[in-house]
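Trainee: Below is the file protein_32.tsv, with TSV, C-alpha atoms.
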chain	number	residue	atom	x	y	z
D	1	MET	CA	-93.85	1.02	-3.95
D	2	GLU	CA	-92.59	-2.32	-5.30
D	3	LYS	CA	-93.06	-1.16	-8.92
D	4	GLU	CA	-91.33	2.14	-8.17
D	5	SER	CA	-88.41	0.32	-6.52
D	6	HIS	CA	-88.11	-1.96	-9.55
D	7	TYR	CA	-88.20	1.06	-11.89
D	8	GLN	CA	-85.49	2.86	-9.90
D	9	TYR	CA	-83.31	-0.26	-10.05
D	10	LEU	CA	-83.67	-0.52	-13.83
D	11	GLN	CA	-83.04	3.21	-14.18
D	12	ALA	CA	-79.80	2.95	-12.17
D	13	LEU	CA	-78.73	-0.05	-14.23
D	14	ASN	CA	-79.47	1.79	-17.47
D	15	GLU	CA	-77.56	4.89	-16.34
D	16	ASN	CA	-74.43	3.06	-15.13
D	17	ILE	CA	-74.00	0.06	-17.43
D	18	GLY	CA	-71.08	0.28	-19.85
D	19	VAL	CA	-73.09	-1.13	-22.78
D	20	ALA	CA	-74.78	1.33	-25.13
D	21	ILE	CA	-78.57	0.79	-25.17
D	22	LEU	CA	-80.97	2.17	-27.78
D	23	SER	CA	-84.70	1.48	-27.84
D	24	TYR	CA	-86.91	2.70	-30.69
D	25	LEU	CA	-90.44	2.35	-32.11
D	26	GLU	CA	-91.46	1.20	-35.59
D	27	ASP	CA	-91.46	4.83	-36.84
D	28	GLY	CA	-87.84	5.23	-35.71
D	29	THR	CA	-88.56	7.37	-32.64
D	30	LEU	CA	-86.00	6.72	-29.92
D	31	GLN	CA	-87.59	5.88	-26.58
D	32	LEU	CA	-84.37	5.33	-24.68
D	33	VAL	CA	-80.75	6.36	-25.16
D	34	ASN	CA	-78.57	5.61	-22.17
D	35	PRO	CA	-75.40	7.58	-21.23
D	36	ALA	CA	-73.13	4.88	-22.69
D	37	ALA	CA	-74.84	5.30	-26.09
D	38	LYS	CA	-74.50	9.08	-25.94
D	39	ALA	CA	-70.80	8.72	-25.06
D	40	LEU	CA	-70.19	6.21	-27.88
D	41	PHE	CA	-71.67	8.50	-30.52
D	42	ASN	CA	-70.45	11.66	-28.73
D	43	LYS	CA	-73.95	13.08	-29.10
D	44	PRO	CA	-75.87	14.41	-26.06
D	45	VAL	CA	-79.23	14.25	-27.85
D	46	LEU	CA	-80.57	11.61	-30.24
D	47	ASN	CA	-84.23	11.73	-31.24
D	48	LYS	CA	-84.58	9.32	-34.16
D	49	ILE	CA	-82.73	6.16	-35.08
D	50	ASP	CA	-82.01	7.87	-38.43
D	51	ASP	CA	-79.78	10.35	-36.54
D	52	ILE	CA	-77.17	7.56	-36.28
D	53	LYS	CA	-76.84	7.40	-40.09
D	54	SER	CA	-74.78	10.59	-40.24
D	55	LEU	CA	-72.64	9.49	-37.27
D	56	SER	CA	-71.89	5.97	-38.54
D	57	PRO	CA	-73.53	4.62	-41.70
D	58	ILE	CA	-72.19	1.13	-40.95
D	59	ILE	CA	-73.80	0.95	-37.50
D	60	TYR	CA	-77.05	2.35	-38.91
D	61	GLU	CA	-77.06	-0.33	-41.60
D	62	VAL	CA	-76.44	-3.12	-39.07
D	63	ILE	CA	-79.15	-1.82	-36.71
D	64	ASN	CA	-81.70	-1.96	-39.55
D	65	LYS	CA	-80.46	-5.42	-40.52
D	66	LEU	CA	-80.91	-6.66	-36.93
D	67	SER	CA	-84.30	-5.04	-36.37
D	68	LYS	CA	-85.94	-8.48	-36.02
D	69	GLY	CA	-83.08	-9.85	-33.93
D	70	GLY	CA	-79.54	-11.18	-34.22
D	71	ASN	CA	-75.95	-10.28	-33.49
D	72	GLU	CA	-73.09	-8.94	-35.60
D	73	THR	CA	-69.57	-7.64	-35.05
D	74	VAL	CA	-68.35	-4.60	-37.00
D	75	GLN	CA	-65.24	-2.45	-37.22
D	76	THR	CA	-65.84	1.26	-37.70
D	77	LYS	CA	-64.66	4.74	-36.83
D	78	ILE	CA	-66.77	7.14	-34.81
D	79	GLY	CA	-65.40	10.65	-34.53
D	80	GLY	CA	-62.03	9.44	-35.80
D	81	ILE	CA	-61.73	6.72	-33.13
D	82	GLU	CA	-61.47	3.06	-34.18
D	83	HIS	CA	-64.03	0.74	-32.59
D	84	GLU	CA	-64.69	-3.01	-32.68
D	85	LEU	CA	-68.37	-3.33	-31.81
D	86	SER	CA	-70.64	-6.23	-30.96
D	87	ILE	CA	-74.19	-5.21	-31.93
D	88	THR	CA	-77.23	-7.18	-30.76
D	89	GLY	CA	-80.79	-6.43	-31.88
D	90	ARG	CA	-84.10	-7.65	-30.42
D	91	GLN	CA	-87.74	-7.01	-31.21
D	92	PHE	CA	-90.50	-7.15	-28.60
D	93	ILE	CA	-94.19	-6.27	-28.30
D	94	LEU	CA	-95.21	-3.87	-25.57
D	95	GLU	CA	-98.90	-2.94	-25.23
D	96	LYS	CA	-99.57	-4.31	-28.74
D	97	GLU	CA	-96.89	-2.04	-30.23
D	98	ALA	CA	-93.66	-3.34	-31.75
D	99	SER	CA	-90.47	-1.93	-30.27
D	100	HIS	CA	-86.81	-2.63	-30.90
D	101	VAL	CA	-83.84	-2.63	-28.55
D	102	VAL	CA	-80.20	-2.45	-29.63
D	103	LEU	CA	-77.19	-3.27	-27.43
D	104	ILE	CA	-73.79	-2.02	-28.61
D	105	GLN	CA	-70.65	-3.14	-26.80
D	106	ASP	CA	-67.13	-1.98	-27.64
D	107	ILE	CA	-65.03	-5.16	-27.51
D	108	LYS	CA	-61.80	-3.70	-28.96
D	109	SER	CA	-60.03	-3.34	-25.60
D	110	ALA	CA	-60.98	-6.89	-24.61
D	111	LEU	CA	-59.75	-8.23	-27.96
D	112	ASP	CA	-56.51	-6.22	-27.69
D	113	HIS	CA	-55.93	-7.64	-24.21
D	114	LYS	CA	-56.54	-11.23	-25.41
D	115	GLU	CA	-54.29	-10.72	-28.42
D	116	SER	CA	-51.50	-9.33	-26.24
D	117	GLU	CA	-51.92	-12.21	-23.78
D	118	SER	CA	-51.79	-14.77	-26.61
D	119	TRP	CA	-48.63	-13.23	-28.06
D	120	GLN	CA	-46.96	-13.23	-24.63
D	121	LYS	CA	-47.76	-16.93	-24.20
D	122	LEU	CA	-46.53	-17.74	-27.71
D	123	VAL	CA	-43.28	-15.78	-27.31
D	124	ARG	CA	-42.68	-17.44	-23.93
D	125	VAL	CA	-43.08	-20.93	-25.43
D	126	LEU	CA	-41.05	-20.12	-28.57
D	127	THR	CA	-38.24	-18.61	-26.49
D	128	HIS	CA	-38.17	-21.66	-24.24
D	129	GLU	CA	-38.02	-24.08	-27.20
D	130	ILE	CA	-35.38	-22.10	-29.09
D	131	MET	CA	-33.16	-21.66	-26.02
D	132	ASN	CA	-33.39	-25.39	-25.26
D	133	SER	CA	-31.77	-26.04	-28.65
D	134	VAL	CA	-29.46	-23.06	-29.05
D	135	THR	CA	-27.81	-23.21	-25.60
D	136	PRO	CA	-26.31	-26.73	-25.97
D	137	ILE	CA	-25.37	-26.02	-29.61
D	138	VAL	CA	-23.41	-22.90	-28.61
D	139	SER	CA	-21.84	-24.61	-25.59
D	140	LEU	CA	-20.74	-27.72	-27.49
D	141	SER	CA	-19.54	-25.72	-30.51
D	142	LYS	CA	-17.38	-23.61	-28.21
D	143	ALA	CA	-15.94	-26.73	-26.52
D	144	VAL	CA	-15.19	-28.43	-29.88
D	145	ASN	CA	-13.59	-25.26	-31.26
D	146	SER	CA	-11.44	-24.86	-28.14
D	147	SER	CA	-10.34	-28.48	-28.26
D	148	MET	CA	-9.44	-28.31	-31.96
D	149	GLN	CA	-7.40	-25.13	-31.49
D	150	SER	CA	-5.45	-26.41	-28.48
D	151	GLN	CA	-4.12	-29.55	-30.15
D	152	ASN	CA	-3.83	-31.40	-33.45
D	153	ILE	CA	-6.34	-34.09	-34.35
D	154	SER	CA	-3.50	-36.65	-34.60
D	155	ASP	CA	-2.57	-35.96	-30.98
D	156	LEU	CA	-6.07	-36.68	-29.65
D	157	THR	CA	-6.64	-39.82	-27.62
D	158	GLU	CA	-9.40	-42.24	-28.57
D	159	GLU	CA	-11.44	-40.98	-25.65
D	160	ASP	CA	-11.04	-37.35	-26.83
D	161	LYS	CA	-12.06	-38.37	-30.36
D	162	ASP	CA	-15.15	-40.12	-29.00
D	163	ASP	CA	-16.04	-36.99	-27.01
D	164	LEU	CA	-15.66	-34.80	-30.11
D	165	LEU	CA	-17.73	-37.18	-32.21
D	166	MET	CA	-20.46	-37.29	-29.57
D	167	SER	CA	-20.45	-33.47	-29.34
D	168	ILE	CA	-20.77	-33.10	-33.13
D	169	GLN	CA	-23.58	-35.67	-33.22
D	170	THR	CA	-25.40	-33.82	-30.43
D	171	ILE	CA	-25.07	-30.53	-32.37
D	172	GLU	CA	-26.46	-32.30	-35.47
D	173	ASN	CA	-29.39	-33.78	-33.53
D	174	ARG	CA	-30.26	-30.44	-31.95
D	175	GLY	CA	-30.04	-28.80	-35.39
D	176	LYS	CA	-32.44	-31.40	-36.76
D	177	GLY	CA	-34.72	-30.75	-33.80
D	178	MET	CA	-34.80	-27.04	-34.65
D	179	VAL	CA	-35.63	-27.85	-38.30
D	180	LYS	CA	-38.44	-30.13	-37.13
D	181	PHE	CA	-39.73	-27.37	-34.85
D	182	VAL	CA	-39.72	-24.81	-37.68
D	183	ASN	CA	-41.54	-27.26	-39.96
D	184	ALA	CA	-44.16	-27.79	-37.26
D	185	TYR	CA	-44.59	-24.00	-37.07
D	186	LYS	CA	-45.04	-23.86	-40.87
D	187	ASP	CA	-47.66	-26.61	-40.68
D	188	TYR	CA	-49.56	-24.70	-38.03
D	189	ALA	CA	-49.37	-21.37	-39.86
D	190	ARG	CA	-50.48	-22.69	-43.25
D	191	ASP	CA	-54.05	-22.22	-44.44
D	192	ILE	CA	-56.23	-25.31	-44.16
D	193	VAL	CA	-58.76	-25.94	-46.92
D	194	LEU	CA	-61.61	-28.26	-45.95
D	195	ALA	CA	-62.86	-31.03	-48.27
D	196	TYR	CA	-66.33	-31.81	-46.96
D	197	GLU	CA	-67.99	-35.21	-47.25
D	198	GLU	CA	-70.74	-37.02	-45.36
D	199	VAL	CA	-69.16	-39.35	-42.81
D	200	ASP	CA	-70.55	-41.82	-40.27
D	201	ILE	CA	-68.70	-40.58	-37.20
D	202	GLY	CA	-69.00	-43.96	-35.47
D	203	ASP	CA	-67.28	-45.77	-38.37
D	204	LEU	CA	-64.56	-43.11	-38.43
D	205	THR	CA	-63.89	-43.59	-34.71
D	206	ARG	CA	-63.82	-47.39	-35.00
D	207	GLY	CA	-61.23	-46.97	-37.78
D	208	VAL	CA	-59.05	-44.96	-35.41
D	209	GLN	CA	-59.49	-47.68	-32.78
D	210	SER	CA	-58.15	-50.34	-35.18
D	211	LEU	CA	-55.01	-48.25	-35.82
D	212	PHE	CA	-54.02	-48.45	-32.15
D	213	ARG	CA	-55.13	-52.04	-31.42
D	214	PRO	CA	-51.55	-53.46	-31.16
D	215	ILE	CA	-50.59	-50.65	-28.74
D	216	PHE	CA	-53.71	-51.28	-26.62
D	217	ILE	CA	-52.73	-54.94	-26.28
D	218	GLU	CA	-49.10	-54.08	-25.49
D	219	LYS	CA	-49.97	-51.45	-22.84
D	220	ASN	CA	-53.01	-53.23	-21.37
D	221	ILE	CA	-55.42	-50.44	-22.38
D	222	THR	CA	-59.14	-50.97	-22.99
D	223	LEU	CA	-60.89	-48.62	-25.43
D	224	THR	CA	-64.70	-48.54	-25.59
D	225	ILE	CA	-66.87	-46.71	-28.12
D	226	SER	CA	-70.56	-45.87	-27.67
D	227	VAL	CA	-72.67	-44.16	-30.34
D	228	LYS	CA	-76.25	-42.99	-29.63
D	229	PRO	CA	-78.11	-43.13	-31.95
D	230	SER	CA	-76.19	-45.91	-33.68
D	231	VAL	CA	-75.65	-43.89	-36.89
D	232	ILE	CA	-74.68	-40.20	-36.82
D	233	SER	CA	-73.70	-38.70	-40.19
D	234	VAL	CA	-71.79	-35.42	-40.23
D	235	GLU	CA	-70.53	-33.21	-43.08
D	236	ILE	CA	-66.81	-32.93	-42.28
D	237	ASP	CA	-63.32	-33.11	-43.71
D	238	LYS	CA	-62.79	-36.79	-42.95
D	239	GLY	CA	-58.97	-36.73	-42.99
D	240	LEU	CA	-58.67	-33.74	-40.67
D	241	ILE	CA	-61.21	-34.90	-38.09
D	242	GLU	CA	-59.64	-38.36	-38.16
D	243	GLN	CA	-56.25	-36.73	-37.42
D	244	VAL	CA	-57.79	-34.86	-34.47
D	245	LEU	CA	-59.17	-38.13	-33.05
D	246	ILE	CA	-55.82	-39.88	-33.59
D	247	ASN	CA	-54.06	-37.08	-31.71
D	248	LEU	CA	-56.52	-37.27	-28.78
D	249	VAL	CA	-56.29	-41.08	-28.53
D	250	LYS	CA	-52.48	-40.88	-28.73
D	251	ASN	CA	-52.46	-38.33	-25.88
D	252	ALA	CA	-54.78	-40.57	-23.84
D	253	ILE	CA	-52.45	-43.55	-24.36
D	254	GLU	CA	-49.49	-41.49	-23.12
D	255	ALA	CA	-51.51	-40.55	-20.01
D	256	LEU	CA	-51.93	-44.25	-19.13
D	257	ASP	CA	-48.50	-45.44	-18.00
D	258	SER	CA	-49.58	-48.76	-16.50
D	259	GLY	CA	-52.79	-49.58	-18.37
D	260	GLY	CA	-56.27	-48.16	-17.99
D	261	THR	CA	-59.33	-47.22	-20.02
D	262	ILE	CA	-60.20	-44.83	-22.82
D	263	ASP	CA	-63.90	-44.16	-23.37
D	264	ILE	CA	-65.19	-42.49	-26.54
D	265	SER	CA	-68.88	-41.56	-26.44
D	266	ILE	CA	-70.66	-39.99	-29.43
D	267	SER	CA	-74.12	-38.45	-29.20
D	268	LYS	CA	-76.47	-35.88	-30.71
D	269	LYS	CA	-76.90	-32.67	-28.73
D	270	GLU	CA	-79.60	-30.47	-30.32
D	271	GLN	CA	-78.03	-29.35	-33.64
D	272	SER	CA	-74.57	-30.76	-32.98
D	273	CYS	CA	-72.65	-34.02	-32.74
D	274	GLN	CA	-70.70	-34.29	-29.49
D	275	ILE	CA	-67.65	-36.55	-29.16
D	276	ASN	CA	-66.17	-37.21	-25.72
D	277	VAL	CA	-62.71	-38.74	-25.44
D	278	ALA	CA	-61.99	-39.61	-21.79
D	279	ASP	CA	-59.09	-41.45	-20.17
D	280	SER	CA	-58.59	-42.86	-16.66
D	281	GLY	CA	-55.18	-41.25	-16.19
D	282	SER	CA	-54.02	-39.08	-13.32
D	283	GLY	CA	-55.24	-35.85	-14.96
D	284	ILE	CA	-53.55	-32.64	-16.06
D	285	SER	CA	-52.26	-29.98	-13.65
D	286	HIS	CA	-53.95	-26.57	-13.62
D	287	ASP	CA	-50.89	-24.74	-15.01
D	288	VAL	CA	-50.64	-27.13	-17.97
D	289	LEU	CA	-54.41	-27.18	-18.52
D	290	ARG	CA	-54.67	-23.41	-18.94
D	291	ASN	CA	-51.99	-23.48	-21.67
D	292	ILE	CA	-52.97	-26.74	-23.34
D	293	PHE	CA	-54.26	-25.16	-26.57
D	294	VAL	CA	-51.44	-22.58	-26.80
D	295	SER	CA	-49.35	-23.13	-29.92
D	296	PHE	CA	-45.98	-24.88	-29.26
D	297	PHE	CA	-46.72	-25.38	-25.57
D	298	THR	CA	-45.75	-28.93	-24.59
D	299	THR	CA	-44.62	-30.92	-21.57
D	300	LYS	CA	-43.42	-33.81	-23.74
D	301	ARG	CA	-39.69	-34.20	-24.29
D	302	LYS	CA	-40.12	-34.86	-28.02
D	303	GLY	CA	-43.38	-32.99	-28.55
D	304	SER	CA	-43.78	-30.08	-30.96
D	305	GLY	CA	-46.72	-28.54	-29.08
D	306	VAL	CA	-48.88	-28.06	-32.17
D	307	GLY	CA	-51.16	-31.12	-31.99
D	308	LEU	CA	-53.90	-29.65	-29.79
D	309	SER	CA	-53.62	-26.13	-31.21
D	310	ILE	CA	-54.08	-27.52	-34.75
D	311	SER	CA	-56.96	-29.68	-33.46
D	312	ARG	CA	-58.68	-26.55	-32.16
D	313	LYS	CA	-58.02	-24.79	-35.47
D	314	VAL	CA	-59.60	-27.72	-37.38
D	315	LEU	CA	-62.70	-27.68	-35.14
D	316	GLN	CA	-63.06	-23.90	-35.52
D	317	LEU	CA	-62.89	-24.23	-39.32
D	318	HIS	CA	-65.78	-26.70	-39.03
D	319	ASN	CA	-67.68	-24.10	-36.92
D	320	GLY	CA	-67.26	-26.48	-34.01
D	321	SER	CA	-65.34	-26.42	-30.74
D	322	ILE	CA	-63.01	-28.46	-28.53
D	323	LYS	CA	-62.92	-28.18	-24.74
D	324	VAL	CA	-61.16	-30.06	-21.96
D	325	ASN	CA	-61.99	-31.05	-18.38
D	326	SER	CA	-59.46	-32.72	-16.10
D	327	SER	CA	-59.21	-33.99	-12.55
D	328	GLU	CA	-57.17	-36.56	-10.62
D	329	LYS	CA	-59.59	-39.20	-11.99
D	330	GLY	CA	-58.74	-38.49	-15.62
D	331	THR	CA	-59.08	-36.12	-18.56
D	332	ARG	CA	-61.99	-35.59	-20.94
D	333	PHE	CA	-61.89	-33.77	-24.29
D	334	ILE	CA	-65.28	-32.64	-25.62
D	335	LEU	CA	-65.58	-32.07	-29.38
D	336	SER	CA	-68.65	-30.45	-30.92
D	337	LEU	CA	-69.44	-30.52	-34.65
D	338	PRO	CA	-72.52	-28.90	-36.24
D	339	LEU	CA	-75.03	-31.25	-37.87
In structure tokens, how does this file's structure come out?
Mentor:
Amino acid sequence: MEKESHYQYLQALNENIGVAILSYLEDGTLQLVNPAAKALFNKPVLNKIDDIKSLSPIIYEVINKLSKGGNETVQTKIGGIEHELSITGRQFILEKEASHVVLIQDIKSALDHKESESWQKLVRVLTHEIMNSVTPIVSLSKAVNSSMQSQNISDLTEEDKDDLLMSIQTIENRGKGMVKFVNAYKDYARDIVLAYEEVDIGDLTRGVQSLFRPIFIEKNITLTISVKPSVISVEIDKGLIEQVLINLVKNAIEALDSGGTIDISISKKEQSCQINVADSGSGISHDVLRNIFVSFFTTKRKGSGVGLSISRKVLQLHNGSIKVNSSEKGTRFILSLPL
């Protein structure tokens, strides 16, 4: 009864799950084709794995490629419909006979949703930044124009002249701010080409520490570095990773208004080098934290909002990652680089 109950559970799962499942033997005979697979290929009956070749040669090719195991993402059309598919293959031995299972998940809708969400965030931030500059420019330009039309320059009092000069200077400064913002956008959008070299990550971090030493003294900040093992060499673009570390340390300094600590710990984690940059500040609010890697999002008055988004881009180009944890006790950035 227990085995039957377990079988019924698996059968219900197989029938109702939204992921297409195919299981086949070494000779290509299909043992299992669930409803999601039949719906994906729009085929009520599939007997051999070779039947997929006529429906989608690309998927058939990937299935054969992943017969021993692995995962791949492909774009293809099935019955005239565009699909973005994540295909996972596994091999297993059952009663001394090799079998293969293939999981196919359509991720296009999820990707479309994420892309739309990202664009909405970006447009929101861009609109906010542009309006912050354009609104005072338009307002001051209108005031200056009105003042100049209502009276001659020679008739203006010294106070009026000072007001006009201040207004023009403000317009100029806001214009420069817009140019700086556009340049920051160009920097973010440009392609980054990596120049790999073997680097001792501990030495690199200690170099960053020396750059900020005068500021640490001035602001009563203590920075500690721990590296375990003592030497960890990584193939990276030294300049870019150094810039990421500089940006994180700079952010940590800004989070410590009246002194505090910054701890950088470097360690080996399986096949990766992990760098933790933690500060003892008051932490980051949830609303800011969820947007922290969004391009041009910033809470700083003079910030461009590209530092952390470029940092993430640099880590992704290195096949690494950057994550953040924050609480009222401080903020921790976790960088991972492949060894």
Trainee: Here is a test: counting all atoms listed in the file, which residue of D:Ser146, D:Ser336, D:Asn34, D:Asn247 is nearest to D:Ala12?
Mentor: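 Distance minimum relative to D:Ala12 lands on D:Asn34.
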Trainee: Within 10 Å of D:Leu204, counting all atoms listed in the file, which residues qualify if same-chain residues fewer than 6 places away don't, as a PyMOL selection string?
Mentor: chain D and resi 238-239+241-242+245
Trainee: Just the number, please: distance in Å from atom CA of D:Arg90 to atom CA of D:Lys68, one decimal.
Mentor: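 If I compute the distance from atom CA of D:Arg90 to atom CA of D:Lys68, I get 6.0 Å.
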Trainee: Residues proximal to (-71.1, -5.4, -26.2) were defined as those with any atom within 6 Å of that point in the file's coordinates, counting all atoms listed in the file. Which are they, as a PyMOL selection string?
Mentor: chain D and resi 19+86+104-106
Trainee: Can you list, as a PyMOL selection string, every protein, DNA or RNA residue that comes within 12 Å of D:Glu218 when you count only C-alpha atoms, leaving out same-chain residues fewer than 4 positions away?
Mentor: chain D and resi 212-214+222+253+257-260
Trainee: Nearest residue to D:Leu25 out of D:Trp119, D:Phe293, D:Tyr196, D:Phe92, using all atoms listed in the file?
Mentor: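 That would be D:Phe92, the residue with the smallest distance to D:Leu25.
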Trainee: State, in Å with one decimal place, the distance from atom CA of D:Asn220 to atom CA of D:Arg312.
Mentor: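 Spanning atom CA of D:Asn220 to atom CA of D:Arg312 is a straight-line distance of 29.3 Å.
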Trainee: Could you give me, as a list in words, the residues that have an atom at most 9 Å away from the point (-52.1, -34.8, -13.2) in the coordinates of the file, using only C-alpha atoms?
Mentor: Ala255, Gly281, Ser282, Gly283, Ile284, Ser285, His286, Ser326, Ser327, Glu328, Lys329, Gly330 and Thr331 of chain D
Trainee: Rounded to one decimal in Å, what is the spacing between atom CA of D:Met178 and atom CA of D:Val324?
Mentor: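 Rounded to one decimal, the two atoms are 29.4 Å apart.
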Trainee: Hey, what's within 10 Å of D:Leu248 if we count all atoms listed in the file and toss same-chain stuff fewer than 4 positions away? As a list in words, please?
Mentor: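 Everything that qualifies: Glu242, Gln243, Val244, Ala252, Ile253, Glu254, Val277, Ala278, Asp279, Gly307, Leu308, Ser311, Arg332 and Phe333 of chain D.
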Trainee: Once you have the residues from the selection above, write them out as a short mmCIF file (atom, residue, chain, number, x, y, z; two decimals), in the coordinates of the input, restricted to C-alpha atoms.
Mentor:
data_model
loop_
_atom_site.label_atom_id
_atom_site.label_comp_id
_atom_site.auth_asym_id
_atom_site.auth_seq_id
_atom_site.Cartn_x
_atom_site.Cartn_y
_atom_site.Cartn_z
CA GLU D 242 -59.64 -38.36 -38.16
CA GLN D 243 -56.25 -36.73 -37.42
CA VAL D 244 -57.79 -34.86 -34.47
CA ALA D 252 -54.78 -40.57 -23.84
CA ILE D 253 -52.45 -43.55 -24.36
CA GLU D 254 -49.49 -41.49 -23.12
CA VAL D 277 -62.71 -38.74 -25.44
CA ALA D 278 -61.99 -39.61 -21.79
CA ASP D 279 -59.09 -41.45 -20.17
CA GLY D 307 -51.16 -31.12 -31.99
CA LEU D 308 -53.90 -29.65 -29.79
CA SER D 311 -56.96 -29.68 -33.46
CA ARG D 332 -61.99 -35.59 -20.94
CA PHE D 333 -61.89 -33.77 -24.29
#
Trainee: Taking all atoms listed in the file into account, which of D:Glu82, D:Asn14, D:Ser99, D:Val199 comes nearest D:Thr29?
Mentor: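 The shortest atom-to-atom distance to D:Thr29 comes from D:Ser99.
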Trainee: Could you write out as lines of an AutoDock Vina configuration file the box around stretch 218-233 of chain D (axis-aligned, all atoms listed in the file, 3 Å on each side), with centre and edge lengths in Å to one decimal?
Mentor:
center_x = -63.6
center_y = -46.4
center_z = -30.8
size_x = 35.0
size_y = 21.4
size_z = 24.8
Trainee: Hey, which of D:Leu256, D:Leu140, D:Leu337, D:Ile292 ends up closest to D:Asn319? Count only C-alpha atoms.
Mentor: D:Leu337
Trainee: Of the candidates D:Leu22, D:Val234, D:Gln31, D:Lys38, which one gets nearest to D:Tyr60 if we count only C-alpha atoms?
Mentor: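 Using only C-alpha atoms, D:Tyr60 sits closest to D:Leu22.
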Trainee: Smallest atom-to-atom distance to D:Glu270: which of D:Ser67, D:Leu339, D:Leu223, D:Lys3, using only C-alpha atoms?
Mentor: D:Leu339
